[in-house]
Amino acid sequence: MNTREMFKRAVAGGYAIPAFNFNTMEQMQAIVQAAVETKSPVIMQVSKGARNYANAQILRYMAEGAVAYAKELGCEHPEIVLHLDHGDSFELCKDCIDMGFSSVMIDGSHLPYEENIALAKKVVDYAHQFDVTVEAELGVLAGVEDEVSAAESHYTKPEEVIDFSTRTGCDSLAISIGTSHGAHKFTPAQCTLVNGVLVPPPLAFDILHEIEKKLPGFPIVLHGSSSVPMEEVETINKFGGHLEAAIGIPEEQLREASKSAVCKINIDSDSRLAMTAAVRKHLAEHPGDFDPRQYLKPARENMKKMYIHKIVNVLGSDGKLAQC
Ligand SMILES: [Zn+2]
């Protein structure tokens, strides 16, 4: 399904839909299991990097498999969106739409304002013929994620959002208010030390509220919203990894954002950390294991636990299926 009704209910209900990236079968299974067990709508998103890694055809059929799998797990009316994350050209978006994606993002945020509008409008005009919803972005997030990277962030300018959303016709808007891509969102120097924990600068809720005032009820999206749980980082480092100063967005801030017009929150790095932590731990404790199922099973379990935690304790989308 596309995101239209899902977002309308999320904005009205004061919760956010999880958008989890996937590249592998284990991630896909964990996402579906978590969504079914919590009765949550879910956006399964695929980046350009995921398509290069797993193959576009395979990912498309995995998403179809996800719907069938959710039904097999007992969910009669699953709400699953297959979404392109960070589409960087009209051609890529068109290819995904032609392949049956129900939602795409066109990210022209690095372009000059007018070019961003022209590109987004072109994608919207094509997508809407097939009832595919489109997310566009205004403002630039810092950080690195697959092929998306920017050294500096530029917050979204609230004075531009009405013009941008009207002229592009986009269905949702990704904004920049201090979230960031990757597992190293902030340097320790940008953080304050509170009880031995590095706390990053707070999100710019003033900008979010200004945007909400300009576009009442319009669906807002937050990218780069992993929290980088310390216990996963510690497990990785304890069992031979070397992750330095990995810092994410505190969950309380995401919980607060979920109550606003923010109706889609993107989480990718936390899944990568959960998977890597479980694999490292398993292999360190079972040096004789060499069957991938032996270490991918705990990896899948650990990701599922993380997804459920996000759905129930952070985004509040549990129990929000239109028909359970
Ligand atoms: Zn992103």
# chains A, B, ... in the order shown; residues from 1 in each chain; ligands from 1
$ residues_around --residues "segment 198-215 of chain A" --least-positions-apart "4" --cutoff "10 Å" --atoms "only C-alpha atoms" --output "PyMOL selection string"
chain A and resi 155-162+165+175-179+185-194+219-220+245-250+253-254+256-257+260-262
$ residues_near_ligand --ligand "ligand 1" --cutoff "7 Å" --atoms "only C-alpha atoms and all ligand atoms" --output "list in words"
Asp85, His86, Glu145, His181, His223, Gly224 and Asn266 of chain A
$ write_last_selection --atoms "C-alpha atoms" --output "tab-separated table (two decimals), in the first residue's frame"
chain	number	residue	atom	x	y	z
A	85	ASP	CA	14.94	5.63	0.24
A	86	HIS	CA	16.95	8.55	-1.20
A	145	GLU	CA	24.53	6.66	4.61
A	181	HIS	CA	22.84	9.78	8.95
A	223	HIS	CA	15.76	10.70	8.44
A	224	GLY	CA	18.88	9.64	10.31
A	266	ASN	CA	13.85	6.31	9.48
$ select_by_dssp --residues "segment 58-173 of chain A" --states "alpha helix (DSSP H)" --output "PyMOL selection string"
chain A and resi 58-72+90-98+113-128+161-168
$ closest_atom_pairs --of "segment 168-269 of chain A" --to "segment 4-25 of chain A" --cutoff "6 Å" --atoms "only C-alpha atoms" --output "CSV"
residue,atom,partner,partner_atom,distance
A:Ser258,CA,A:Tyr15,CA,4.8
A:Lys259,CA,A:Gly14,CA,4.1
A:Ser260,CA,A:Gly14,CA,6.0
A:Ala261,CA,A:Val11,CA,5.1
A:Cys263,CA,A:Ala16,CA,4.0
A:Lys264,CA,A:Ile17,CA,4.8
A:Ile265,CA,A:Pro18,CA,5.4
A:Asn266,CA,A:Ala19,CA,4.7
A:Ile267,CA,A:Phe20,CA,5.3
A:Asp268,CA,A:Asn21,CA,5.4
$ closest_atom_pairs --of "segment 24-130 of chain A" --to "segment 296-306 of chain A" --cutoff "12 Å" --atoms "only C-alpha atoms" --output "Markdown table"
| residue | atom | partner | partner_atom | distance |
| --- | --- | --- | --- | --- |
| A:Thr24 | CA | A:Arg300 | CA | 10.3 |
| A:Met25 | CA | A:Arg300 | CA | 9.3 |
| A:Glu26 | CA | A:Arg300 | CA | 5.5 |
| A:Gln27 | CA | A:Arg300 | CA | 6.6 |
| A:Met28 | CA | A:Arg300 | CA | 9.1 |
| A:Gln29 | CA | A:Arg300 | CA | 7.6 |
| A:Ala30 | CA | A:Lys304 | CA | 4.7 |
| A:Ile31 | CA | A:Lys304 | CA | 6.4 |
| A:Val32 | CA | A:Lys304 | CA | 8.7 |
| A:Gln33 | CA | A:Lys304 | CA | 7.0 |
| A:Ala34 | CA | A:Lys304 | CA | 5.7 |
| A:Ala35 | CA | A:Lys304 | CA | 9.2 |
| A:Val36 | CA | A:Lys304 | CA | 11.0 |
| A:Glu37 | CA | A:Lys304 | CA | 10.1 |
| A:Thr38 | CA | A:Lys304 | CA | 11.0 |
$ write_last_selection --atoms "N, CA, C and O atoms" --output "mmCIF file, in the first residue's frame"
data_model
loop_
_atom_site.group_PDB
_atom_site.id
_atom_site.type_symbol
_atom_site.label_atom_id
_atom_site.label_comp_id
_atom_site.auth_asym_id
_atom_site.auth_seq_id
_atom_site.Cartn_x
_atom_site.Cartn_y
_atom_site.Cartn_z
ATOM 1 N N THR A 24 18.833 -7.609 3.542
ATOM 2 C CA THR A 24 18.981 -9.065 3.628
ATOM 3 C C THR A 24 17.671 -9.711 4.045
ATOM 4 O O THR A 24 16.783 -9.063 4.608
ATOM 5 N N MET A 25 17.588 -11.009 3.819
ATOM 6 C CA MET A 25 16.396 -11.755 4.178
ATOM 7 C C MET A 25 16.156 -11.706 5.692
ATOM 8 O O MET A 25 15.012 -11.578 6.143
ATOM 9 N N GLU A 26 17.236 -11.779 6.473
ATOM 10 C CA GLU A 26 17.069 -11.799 7.937
ATOM 11 C C GLU A 26 16.481 -10.481 8.440
ATOM 12 O O GLU A 26 15.637 -10.475 9.340
ATOM 13 N N GLN A 27 16.932 -9.364 7.837
ATOM 14 C CA GLN A 27 16.359 -8.067 8.235
ATOM 15 C C GLN A 27 14.873 -8.028 7.875
ATOM 16 O O GLN A 27 14.046 -7.587 8.667
ATOM 17 N N MET A 28 14.556 -8.492 6.683
ATOM 18 C CA MET A 28 13.169 -8.488 6.231
ATOM 19 C C MET A 28 12.299 -9.339 7.161
ATOM 20 O O MET A 28 11.230 -8.912 7.595
ATOM 21 N N GLN A 29 12.789 -10.526 7.499
ATOM 22 C CA GLN A 29 11.995 -11.394 8.380
ATOM 23 C C GLN A 29 11.784 -10.739 9.748
ATOM 24 O O GLN A 29 10.682 -10.786 10.314
ATOM 25 N N ALA A 30 12.845 -10.141 10.267
ATOM 26 C CA ALA A 30 12.749 -9.523 11.594
ATOM 27 C C ALA A 30 11.766 -8.352 11.577
ATOM 28 O O ALA A 30 10.988 -8.163 12.517
ATOM 29 N N ILE A 31 11.785 -7.574 10.501
ATOM 30 C CA ILE A 31 10.862 -6.432 10.384
ATOM 31 C C ILE A 31 9.409 -6.940 10.357
ATOM 32 O O ILE A 31 8.548 -6.432 11.078
ATOM 33 N N VAL A 32 9.160 -7.960 9.543
ATOM 34 C CA VAL A 32 7.793 -8.472 9.414
ATOM 35 C C VAL A 32 7.329 -9.089 10.740
ATOM 36 O O VAL A 32 6.214 -8.827 11.204
ATOM 37 N N GLN A 33 8.183 -9.872 11.362
ATOM 38 C CA GLN A 33 7.799 -10.489 12.640
ATOM 39 C C GLN A 33 7.465 -9.412 13.682
ATOM 40 O O GLN A 33 6.460 -9.511 14.398
ATOM 41 N N ALA A 34 8.303 -8.371 13.739
ATOM 42 C CA ALA A 34 8.081 -7.307 14.723
ATOM 43 C C ALA A 34 6.776 -6.576 14.424
ATOM 44 O O ALA A 34 5.992 -6.288 15.335
ATOM 45 N N ALA A 35 6.526 -6.277 13.137
ATOM 46 C CA ALA A 35 5.304 -5.540 12.772
ATOM 47 C C ALA A 35 4.060 -6.378 13.067
ATOM 48 O O ALA A 35 3.064 -5.866 13.584
ATOM 49 N N VAL A 36 4.129 -7.671 12.780
ATOM 50 C CA VAL A 36 2.968 -8.532 13.008
ATOM 51 C C VAL A 36 2.704 -8.663 14.513
ATOM 52 O O VAL A 36 1.576 -8.508 14.974
ATOM 53 N N GLU A 37 3.761 -8.924 15.279
ATOM 54 C CA GLU A 37 3.554 -9.131 16.720
ATOM 55 C C GLU A 37 3.026 -7.895 17.420
ATOM 56 O O GLU A 37 2.308 -7.983 18.408
ATOM 57 N N THR A 38 3.393 -6.721 16.911
ATOM 58 C CA THR A 38 2.944 -5.488 17.567
ATOM 59 C C THR A 38 1.723 -4.896 16.871
ATOM 60 O O THR A 38 1.259 -3.828 17.271
#
$ select_by_dssp --residues "segment 5-100 of chain A" --states "strand (DSSP E)" --output "number ranges by chain"
A: 17-21, 42-47, 80-87
$ write_last_selection --atoms "all heavy atoms" --output "CSV table (one decimal), in the first residue's frame"
chain,number,residue,atom,x,y,z
A,17,ILE,N,5.2,6.2,12.0
A,17,ILE,CA,5.3,4.9,11.3
A,17,ILE,C,6.8,4.6,11.2
A,17,ILE,O,7.6,5.4,10.8
A,17,ILE,CB,4.8,4.9,9.9
A,17,ILE,CG1,3.3,5.4,9.9
A,17,ILE,CG2,4.8,3.5,9.3
A,17,ILE,CD1,2.3,4.6,10.5
A,18,PRO,N,7.3,3.4,11.6
A,18,PRO,CA,8.7,3.1,11.5
A,18,PRO,C,9.0,2.8,10.0
A,18,PRO,O,8.3,2.1,9.3
A,18,PRO,CB,8.8,1.8,12.3
A,18,PRO,CG,7.5,1.1,12.3
A,18,PRO,CD,6.5,2.3,12.2
A,19,ALA,N,10.2,3.4,9.6
A,19,ALA,CA,10.7,3.1,8.3
A,19,ALA,C,12.0,2.4,8.5
A,19,ALA,O,13.0,3.1,8.9
A,19,ALA,CB,10.8,4.4,7.4
A,20,PHE,N,12.0,1.1,8.3
A,20,PHE,CA,13.3,0.3,8.5
A,20,PHE,C,13.9,-0.1,7.2
A,20,PHE,O,13.2,-0.6,6.3
A,20,PHE,CB,12.9,-1.0,9.3
A,20,PHE,CG,12.4,-0.7,10.7
A,20,PHE,CD1,11.2,-1.4,11.1
A,20,PHE,CD2,13.0,0.1,11.6
A,20,PHE,CE1,10.7,-1.2,12.4
A,20,PHE,CE2,12.5,0.3,12.8
A,20,PHE,CZ,11.3,-0.3,13.2
A,21,ASN,N,15.2,0.1,7.0
A,21,ASN,CA,15.8,-0.3,5.8
A,21,ASN,C,16.1,-1.8,5.8
A,21,ASN,O,16.4,-2.3,6.9
A,21,ASN,CB,17.2,0.5,5.6
A,21,ASN,CG,17.0,1.9,5.3
A,21,ASN,OD1,16.5,2.7,6.2
A,21,ASN,ND2,17.3,2.3,4.1
A,42,VAL,N,4.1,-0.7,8.8
A,42,VAL,CA,5.5,-0.6,8.7
A,42,VAL,C,5.9,-0.2,7.2
A,42,VAL,O,5.2,-0.6,6.3
A,42,VAL,CB,6.2,-1.9,9.1
A,42,VAL,CG1,6.0,-3.0,8.1
A,42,VAL,CG2,7.7,-1.7,9.3
A,43,ILE,N,7.0,0.6,7.1
A,43,ILE,CA,7.5,1.0,5.8
A,43,ILE,C,8.9,0.2,5.7
A,43,ILE,O,9.8,0.4,6.6
A,43,ILE,CB,7.8,2.5,5.7
A,43,ILE,CG1,6.4,3.2,5.8
A,43,ILE,CG2,8.5,2.8,4.4
A,43,ILE,CD1,6.5,4.7,6.0
A,44,MET,N,8.9,-0.6,4.7
A,44,MET,CA,10.2,-1.3,4.4
A,44,MET,C,10.9,-0.6,3.3
A,44,MET,O,10.3,-0.4,2.2
A,44,MET,CB,9.9,-2.8,4.0
A,44,MET,CG,9.2,-3.6,5.0
A,44,MET,SD,8.9,-5.3,4.6
A,44,MET,CE,10.6,-5.8,4.3
A,45,GLN,N,12.1,0.0,3.6
A,45,GLN,CA,12.7,0.8,2.6
A,45,GLN,C,14.0,0.3,2.1
A,45,GLN,O,14.7,-0.4,2.8
A,45,GLN,CB,12.7,2.3,3.0
A,45,GLN,CG,13.4,2.6,4.3
A,45,GLN,CD,13.3,4.1,4.7
A,45,GLN,OE1,12.4,4.7,4.2
A,45,GLN,NE2,14.2,4.6,5.4
A,46,VAL,N,14.2,0.6,0.9
A,46,VAL,CA,15.3,0.1,0.1
A,46,VAL,C,16.1,1.3,-0.4
A,46,VAL,O,15.5,2.2,-1.0
A,46,VAL,CB,14.8,-0.7,-1.1
A,46,VAL,CG1,15.8,-1.0,-2.1
A,46,VAL,CG2,14.1,-2.0,-0.6
A,47,SER,N,17.4,1.3,-0.2
A,47,SER,CA,18.2,2.4,-0.8
A,47,SER,C,18.8,2.0,-2.1
A,47,SER,O,18.7,0.8,-2.5
A,47,SER,CB,19.3,2.8,0.2
A,47,SER,OG,20.2,1.7,0.3
A,80,ILE,N,1.9,-2.8,4.8
A,80,ILE,CA,3.4,-2.7,4.4
A,80,ILE,C,3.6,-1.9,3.2
A,80,ILE,O,2.9,-2.1,2.2
A,80,ILE,CB,3.9,-4.2,4.2
A,80,ILE,CG1,3.8,-5.0,5.5
A,80,ILE,CG2,5.4,-4.1,3.7
A,80,ILE,CD1,4.2,-6.5,5.3
A,81,VAL,N,4.5,-0.9,3.3
A,81,VAL,CA,4.8,0.0,2.2
A,81,VAL,C,6.2,-0.5,1.7
A,81,VAL,O,7.1,-0.7,2.5
A,81,VAL,CB,4.9,1.4,2.7
A,81,VAL,CG1,5.4,2.3,1.6
A,81,VAL,CG2,3.5,1.9,3.2
A,82,LEU,N,6.4,-0.6,0.4
A,82,LEU,CA,7.7,-0.7,-0.1
A,82,LEU,C,8.2,0.6,-0.7
A,82,LEU,O,7.6,1.1,-1.6
A,82,LEU,CB,7.7,-1.8,-1.2
A,82,LEU,CG,9.1,-2.0,-1.9
A,82,LEU,CD1,10.2,-2.4,-1.0
A,82,LEU,CD2,9.0,-3.0,-3.1
A,83,HIS,N,9.2,1.2,0.0
A,83,HIS,CA,9.6,2.6,-0.3
A,83,HIS,C,11.0,2.7,-0.7
A,83,HIS,O,11.9,2.0,-0.2
A,83,HIS,CB,9.4,3.3,1.0
A,83,HIS,CG,9.8,4.8,1.0
A,83,HIS,ND1,9.1,5.8,0.4
A,83,HIS,CD2,10.9,5.4,1.5
A,83,HIS,CE1,9.7,6.9,0.6
A,83,HIS,NE2,10.9,6.7,1.2
A,84,LEU,N,11.2,3.5,-1.7
A,84,LEU,CA,12.6,3.8,-2.2
A,84,LEU,C,13.2,4.9,-1.3
A,84,LEU,O,12.6,6.0,-1.2
A,84,LEU,CB,12.7,4.2,-3.6
A,84,LEU,CG,14.0,4.8,-4.1
A,84,LEU,CD1,15.1,3.8,-4.1
A,84,LEU,CD2,13.9,5.5,-5.5
A,85,ASP,N,14.3,4.7,-0.6
A,85,ASP,CA,14.9,5.6,0.2
A,85,ASP,C,16.0,6.4,-0.6
A,85,ASP,O,16.8,5.8,-1.3
A,85,ASP,CB,15.6,4.8,1.4
A,85,ASP,CG,16.1,5.7,2.5
A,85,ASP,OD1,15.6,6.8,2.7
A,85,ASP,OD2,17.0,5.3,3.3
A,86,HIS,N,15.9,7.7,-0.5
A,86,HIS,CA,16.9,8.6,-1.2
A,86,HIS,C,17.1,8.3,-2.7
A,86,HIS,O,18.2,8.1,-3.2
A,86,HIS,CB,18.3,8.4,-0.5
A,86,HIS,CG,18.4,9.1,0.8
A,86,HIS,ND1,18.4,10.4,1.0
A,86,HIS,CD2,18.4,8.5,2.1
A,86,HIS,CE1,18.4,10.7,2.3
A,86,HIS,NE2,18.4,9.6,3.0
A,87,GLY,N,16.0,8.3,-3.4
A,87,GLY,CA,16.1,8.2,-4.9
A,87,GLY,C,16.8,9.5,-5.3
A,87,GLY,O,16.5,10.6,-4.9
$ closest_atom_pairs --of "segment 31-101 of chain A" --to "segment 127-139 of chain A" --cutoff "8 Å" --atoms "only C-alpha atoms" --output "CSV"
residue,atom,partner,partner_atom,distance
A:Lys94,CA,A:Ala127,CA,7.6
A:Ile97,CA,A:Ala127,CA,6.7
A:Phe101,CA,A:Val132,CA,7.4
$ atom_distance --atom1 "atom CA of Lys310 of chain A" --atom2 "atom CA of Glu251 of chain A"
8.7 Å
$ residues_around --residues "Ser153 of chain A" --least-positions-apart "2" --cutoff "7 Å" --atoms "only C-alpha atoms" --output "compact mmCIF listing (two decimals) with all heavy atoms, in the first residue's frame"
# COMPACT_ATOMS: atom_id res chain seq x y z
N VAL A 140 19.30 19.97 4.42
CA VAL A 140 20.31 18.92 4.22
C VAL A 140 20.73 18.32 5.56
O VAL A 140 21.00 19.05 6.51
CB VAL A 140 21.56 19.49 3.50
CG1 VAL A 140 22.64 18.43 3.35
CG2 VAL A 140 21.19 20.04 2.14
N LEU A 141 20.75 16.97 5.62
CA LEU A 141 21.21 16.28 6.82
C LEU A 141 22.70 16.01 6.71
O LEU A 141 23.19 15.68 5.62
CB LEU A 141 20.52 14.91 6.93
CG LEU A 141 19.26 14.81 7.78
CD1 LEU A 141 18.13 15.50 7.04
CD2 LEU A 141 18.90 13.36 8.03
N ALA A 142 23.40 16.11 7.82
CA ALA A 142 24.81 15.74 7.82
C ALA A 142 24.91 14.22 7.94
O ALA A 142 23.93 13.53 8.18
CB ALA A 142 25.53 16.41 8.97
N ALA A 151 28.82 16.86 4.65
CA ALA A 151 29.66 17.20 5.80
C ALA A 151 28.88 18.05 6.79
O ALA A 151 29.01 17.91 8.00
CB ALA A 151 30.90 17.94 5.33
N TYR A 155 19.59 23.35 8.20
CA TYR A 155 18.22 23.15 8.66
C TYR A 155 17.22 23.61 7.60
O TYR A 155 17.49 24.52 6.84
CB TYR A 155 17.99 23.95 9.96
CG TYR A 155 18.64 23.33 11.18
CD1 TYR A 155 18.56 23.96 12.42
CD2 TYR A 155 19.33 22.12 11.11
CE1 TYR A 155 19.14 23.41 13.55
CE2 TYR A 155 19.91 21.56 12.23
CZ TYR A 155 19.82 22.21 13.45
OH TYR A 155 20.39 21.66 14.56
